[in-house]
file protein-v5.pdb (PDB, C-alpha atoms)
ATOM      1  CA  MET A 127      14.659   5.853  -6.438
ATOM      2  CA  GLY A 128      15.120   2.151  -5.822
ATOM      3  CA  PHE A 129      13.484   2.277  -2.406
ATOM      4  CA  THR A 130      10.460   4.081  -3.838
ATOM      5  CA  ALA A 131      10.088   1.399  -6.487
ATOM      6  CA  TYR A 132      10.144  -1.308  -3.812
ATOM      7  CA  LEU A 133       7.460   0.520  -1.826
ATOM      8  CA  ALA A 134       5.291   0.796  -4.924
ATOM      9  CA  LEU A 135       5.725  -2.901  -5.715
ATOM     10  CA  PHE A 136       4.891  -3.782  -2.115
ATOM     11  CA  ALA A 137       1.725  -1.663  -2.249
ATOM     12  CA  VAL A 138       0.600  -3.310  -5.481
ATOM     13  CA  ALA A 139       1.390  -6.813  -4.204
ATOM     14  CA  ALA A 140      -0.406  -6.199  -0.900
ATOM     15  CA  SER A 141      -3.446  -4.846  -2.729
ATOM     16  CA  ALA A 142      -3.529  -7.889  -4.995
ATOM     17  CA  VAL A 143      -3.293 -10.269  -2.039
ATOM     18  CA  VAL A 144      -6.066  -8.440  -0.184
ATOM     19  CA  PHE A 145      -8.240  -8.541  -3.306
ATOM     20  CA  VAL A 146      -7.737 -12.273  -3.877
ATOM     21  CA  VAL A 147      -8.330 -13.198  -0.232
ATOM     22  CA  THR A 148     -11.389 -10.998   0.243
ATOM     23  CA  ARG A 149     -12.879 -11.904  -3.139
ATOM     24  CA  ARG A 150     -13.381 -15.450  -1.912
ATOM     25  CA  ARG A 151     -15.494 -14.257   1.006
ATOM     26  CA  LEU A 152     -17.025 -10.964  -0.071
ATOM     27  CA  SER A 153     -18.497  -9.394  -3.173
ATOM     28  CA  LEU A 154     -16.433  -7.927  -5.988
ATOM     29  CA  ALA A 155     -17.205  -4.380  -4.857
ATOM     30  CA  ALA A 156     -16.149  -5.062  -1.268
ATOM     31  CA  ALA A 157     -12.952  -6.774  -2.379
ATOM     32  CA  SER A 158     -12.134  -3.892  -4.714
ATOM     33  CA  GLY A 159     -12.793  -1.357  -1.974
ATOM     34  CA  LEU A 160     -10.602  -3.108   0.564
ATOM     35  CA  SER A 161      -7.872  -3.499  -2.017
ATOM     36  CA  ALA A 162      -7.993   0.215  -2.832
ATOM     37  CA  LEU A 163      -7.949   1.132   0.868
ATOM     38  CA  THR A 164      -4.913  -1.091   1.366
ATOM     39  CA  PHE A 165      -3.075   0.591  -1.488
ATOM     40  CA  VAL A 166      -3.976   4.100  -0.305
ATOM     41  CA  GLY A 167      -3.058   3.255   3.286
ATOM     42  CA  ILE A 168       0.382   2.022   2.289
ATOM     43  CA  ALA A 169       0.887   5.063   0.062
ATOM     44  CA  VAL A 170      -0.081   7.506   2.827
ATOM     45  CA  ALA A 171       2.114   5.737   5.386
ATOM     46  CA  SER A 172       5.038   5.816   2.951
ATOM     47  CA  ILE A 173       4.600   9.525   2.247
ATOM     48  CA  LEU A 174       4.406  10.347   5.943
ATOM     49  CA  TRP A 175       7.450   8.217   6.678
ATOM     50  CA  VAL A 176       9.477   9.988   3.987
ATOM     51  CA  GLN A 177       8.327  13.384   5.285
ATOM     52  CA  VAL A 178       9.454  12.502   8.799
ATOM     53  CA  ALA A 179      12.779  11.244   7.487
ATOM     54  CA  ILE A 180      13.339  14.428   5.473
ATOM     55  CA  SER A 181      12.372  16.687   8.358
ATOM     56  CA  GLY A 182      14.906  14.886  10.526
ATOM     57  CA  MET A 183      17.650  15.794   8.065
ATOM     58  CA  ASP A 184      17.261  19.539   8.593
ATOM     59  CA  GLY A 185      20.031  19.655  11.142
TER      60      GLY A 185
END
call {"tool": "encode", "arguments": {"input": "protein-v5.pdb", "output": "structure tokens"}}
result
Amino acid sequence: MGFTAYLALFAVAASAVVFVVTRRRLSLAAASGLSALTFVGIAVASILWVQVAISGMDG
């Protein structure tokens, strides 16, 4: 449970950083879109990583 919480906090923090950095250079819509893509990308990578880890435990 603790590791999942850290992954969620990392995803939120990364999304916030991407939003702040891109907001300075791009429009609000573009910054929001990139922030959402960052969050979804981290979430998908985390889910896949956990699935691979669980499938490796089937021995």
call {"tool": "resolve_selection", "arguments": {"input": "protein-v5.pdb", "expression": "the PyMOL selection byres ((chain A and resi 145) around 8)", "output": "PyMOL selection string"}}
result
chain A and resi 141-144+146-149+157-158+160-161
call {"tool": "atom_distance", "arguments": {"input": "protein-v5.pdb", "atom1": "CA of Leu133 (chain A)", "atom2": "CA of Ala155 (chain A)"}}
result
25.3 Å
call {"tool": "atom_distance", "arguments": {"input": "protein-v5.pdb", "atom1": "CA of Phe165 (chain A)", "atom2": "CA of Ala139 (chain A)"}}
result
9.1 Å
call {"tool": "residues_around", "arguments": {"input": "protein-v5.pdb", "residues": "Thr130 (chain A)", "least_positions_apart": "3", "cutoff": "12 Å", "atoms": "only C-alpha atoms", "output": "number ranges by chain"}}
result
A: 127, 133-137, 168-169, 172-173, 175-176
call {"tool": "write_last_selection", "arguments": {"input": "protein-v5.pdb", "atoms": "C-alpha atoms", "output": "PDB file, keeping the file's coordinate frame"}}
result
ATOM      1  CA  MET A 127      14.659   5.853  -6.438  1.00  0.00           C
ATOM      2  CA  LEU A 133       7.460   0.520  -1.826  1.00  0.00           C
ATOM      3  CA  ALA A 134       5.291   0.796  -4.924  1.00  0.00           C
ATOM      4  CA  LEU A 135       5.725  -2.901  -5.715  1.00  0.00           C
ATOM      5  CA  PHE A 136       4.891  -3.782  -2.115  1.00  0.00           C
ATOM      6  CA  ALA A 137       1.725  -1.663  -2.249  1.00  0.00           C
ATOM      7  CA  ILE A 168       0.382   2.022   2.289  1.00  0.00           C
ATOM      8  CA  ALA A 169       0.887   5.063   0.062  1.00  0.00           C
ATOM      9  CA  SER A 172       5.038   5.816   2.951  1.00  0.00           C
ATOM     10  CA  ILE A 173       4.600   9.525   2.247  1.00  0.00           C
ATOM     11  CA  TRP A 175       7.450   8.217   6.678  1.00  0.00           C
ATOM     12  CA  VAL A 176       9.477   9.988   3.987  1.00  0.00           C
TER      13      VAL A 176
END
call {"tool": "atom_distance", "arguments": {"input": "protein-v5.pdb", "atom1": "CA of Phe129 (chain A)", "atom2": "CA of Thr164 (chain A)"}}
result
19.1 Å
